[in-house]
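Asker: Take this structure, written in structure tokens, and hold onto it; I'll ask about it next.
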Amino acid sequence: MLRTLLLAPLLVILPLGQAAALTTDDVRPYFVADAGMGYVDLGDAERDLDRIADDDDISGSTSTKNTSFAYILGIGWHIGPYVAIELNYFDLGEYDATFSADNNDALESVIDFSGFGARGIARWPLTESWSVDVGLGAAQMDTRLRREFKPGSSSSNGGAVERYSSTDVVMNASLGTQYRLSREWSLRAQYLYFNDVGDSSTGRDDIQVLTVGAQFFF
């Protein structure tokens, strides 16, 4: 994944040397809405739950929900036939890791990610309708972690809740394709990668998102 981030600036430059297949009519603002599926490994969350269980000498097993619905909204401007600047709101979903003890107690960590960012996007036209898009940007991401103890039916302890949050600026890269339906409408699909989101209190995660969406040109 690090290689993707390192190569992305080079890939952004490549379309600028292509023969013009798009016209200056494409130099205008647009609105975009994408929706799809996010994936997070949750390795730090699993390790934290296992560590807490080991400290309390509790036996059990950990399970995770690594996928979630995610969506992206944005406004953009084609500053040339091949290059666009896009401002986005990212809601990358909610994920959880749960340690289930042998005595039916459970410790659950629920993590969600959202934020705002800006991306530069380069378009590499394949035909008059199809193009390949490569993007590189930065986003200010909010990470929220809620860790809750859920007592089993035989436990007399009440449920305790801990909350942690972090805000940090992270790099993201994207690769996608776009199909022009008309002068006003385009369909697009993209893969996005967010690097090292979170901090030591919430855990650090790489987030991968696969979306499909539509663009409306003003």
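FYI, nothing fancy with the structure tokens labels: chains A, B, ... in order, residues from 1 per chain, ligands from 1 as they appear.
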Using only C-alpha atoms, I'd like a table of the residues in range 71-176 of chain A that come within 8 Å of range 184-199 of chain A; for each, show the closest atom pair and its distance in Å rounded to one decimal, ordered by chain and ascending number, as a Markdown table.

Answerer:
```
| residue | atom | partner | partner_atom | distance |
| --- | --- | --- | --- | --- |
| A:Met141 | CA | A:Val197 | CA | 7.2 |
| A:Asp142 | CA | A:Gly198 | CA | 7.7 |
| A:Thr143 | CA | A:Gly198 | CA | 5.8 |
| A:Ser166 | CA | A:Gly198 | CA | 6.0 |
| A:Thr167 | CA | A:Gly198 | CA | 7.1 |
| A:Asp168 | CA | A:Gly198 | CA | 6.8 |
| A:Val170 | CA | A:Asn195 | CA | 6.2 |
| A:Met171 | CA | A:Asn195 | CA | 5.8 |
| A:Asn172 | CA | A:Phe194 | CA | 4.5 |
| A:Ala173 | CA | A:Tyr193 | CA | 5.4 |
| A:Ser174 | CA | A:Leu192 | CA | 4.3 |
| A:Leu175 | CA | A:Tyr191 | CA | 5.4 |
| A:Gly176 | CA | A:Gln190 | CA | 3.8 |
```

Asker: Can you list, as a ChimeraX atom specification, every residue of range 21-202 of chain A that DSSP puts in helix (DSSP H, G or I)?

Answerer: /A:24-26,43-55

Asker: Could you please write out, as number ranges by chain, every residue of chain A that DSSP assigns to strand (DSSP E)?

Answerer: A: 29-40, 60-65, 67-78, 83-101, 106-125, 130-150, 161-180, 185-197, 205-217

Asker: Could you pull the residues within 12 Å of Gly120 in chain A, counting only C-alpha atoms, minus those fewer than 5 positions along the same chain, as a VMD selection string?

Answerer: chain A and resid 8 to 9 11 to 13 76 to 80 82 to 88 133 to 139 171 to 175

Asker: Extract, using only C-alpha atoms, all DNA, RNA and protein residues at most 10 Å from Asp48 in chain A, discarding same-chain residues fewer than 6 positions from it, and format them as a PyMOL selection string.

Answerer: chain A and resi 54+97+99+109+202-203

Asker: Give me a file of those residues, with N, CA and C atoms, as a JSON list (two decimals), in the first residue's frame.

Answerer:
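Written output follows (selection19.json):
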```json
[["chain", "number", "residue", "atom", "x", "y", "z"],
["A", 54, "ASP", "N", -6.10, -10.87, 28.88],
["A", 54, "ASP", "CA", -4.94, -11.53, 29.49],
["A", 54, "ASP", "C", -4.63, -10.91, 30.85],
["A", 97, "ALA", "N", -14.92, -4.95, 17.03],
["A", 97, "ALA", "CA", -14.19, -6.14, 17.47],
["A", 97, "ALA", "C", -14.75, -6.52, 18.83],
["A", 99, "PHE", "N", -14.54, -9.31, 22.16],
["A", 99, "PHE", "CA", -13.97, -10.44, 22.90],
["A", 99, "PHE", "C", -15.10, -11.10, 23.67],
["A", 109, "SER", "N", -15.46, -3.36, 21.17],
["A", 109, "SER", "CA", -14.93, -2.08, 20.70],
["A", 109, "SER", "C", -15.59, -1.74, 19.38],
["A", 202, "THR", "N", -7.02, 5.22, 19.96],
["A", 202, "THR", "CA", -8.08, 4.58, 19.18],
["A", 202, "THR", "C", -7.58, 3.39, 18.36],
["A", 203, "GLY", "N", -6.26, 3.26, 18.25],
["A", 203, "GLY", "CA", -5.68, 2.29, 17.33],
["A", 203, "GLY", "C", -5.47, 2.91, 15.97]]
```

Asker: From the list A:Val32, A:Ala101, A:Ile75, A:Met37, which residue is nearest Asp57 in chain A when using only C-alpha atoms?

Answerer: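 Among the listed residues, A:Ala101 lies closest to Asp57 in chain A.
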
Asker: Can you pull out every residue within 12 Å of Ser61 in chain A, counting only C-alpha atoms, but drop anything in the same chain fewer than 4 positions away, and send it as a VMD selection string?

Answerer: chain A and resid 46 to 47 49 to 51 53 to 54 97 to 108

Asker: Hey, can you spit out that residue selection with C-alpha atoms as a compact mmCIF listing (two decimals), in the first residue's frame?

Answerer:
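File written: out.txt
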```txt
# COMPACT_ATOMS: atom_id res chain seq x y z
CA GLU A 46 -8.11 -7.07 18.52
CA ARG A 47 -4.75 -6.82 20.27
CA LEU A 49 -9.04 -6.67 23.69
CA ASP A 50 -6.76 -9.70 23.98
CA ARG A 51 -4.37 -7.72 26.22
CA ALA A 53 -8.46 -10.23 28.75
CA ASP A 54 -4.94 -11.53 29.49
CA ALA A 97 -14.19 -6.14 17.47
CA THR A 98 -15.65 -8.26 20.28
CA PHE A 99 -13.97 -10.44 22.90
CA SER A 100 -16.42 -13.12 24.02
CA ALA A 101 -15.46 -14.66 27.36
CA ASP A 102 -16.18 -18.26 28.28
CA ASN A 103 -18.46 -17.02 31.10
CA ASN A 104 -20.66 -15.20 28.53
CA ASP A 105 -19.31 -11.74 29.38
CA ALA A 106 -18.24 -9.67 26.37
CA LEU A 107 -16.01 -6.68 25.72
CA GLU A 108 -16.86 -4.83 22.51
```

Asker: Using only C-alpha atoms, can you tell me which of A:Gly74, A:Ser131, A:Thr62, A:Thr67 comes closest to Gln215 in chain A?

Answerer: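 Using only C-alpha atoms, Gln215 in chain A sits closest to A:Gly74.
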
Asker: CA of Ala118 in chain A and CA of Val132 in chain A, how far apart in Å?

Answerer: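 Between CA of Val132 in chain A and CA of Ala118 in chain A the gap is 19.0 Å.
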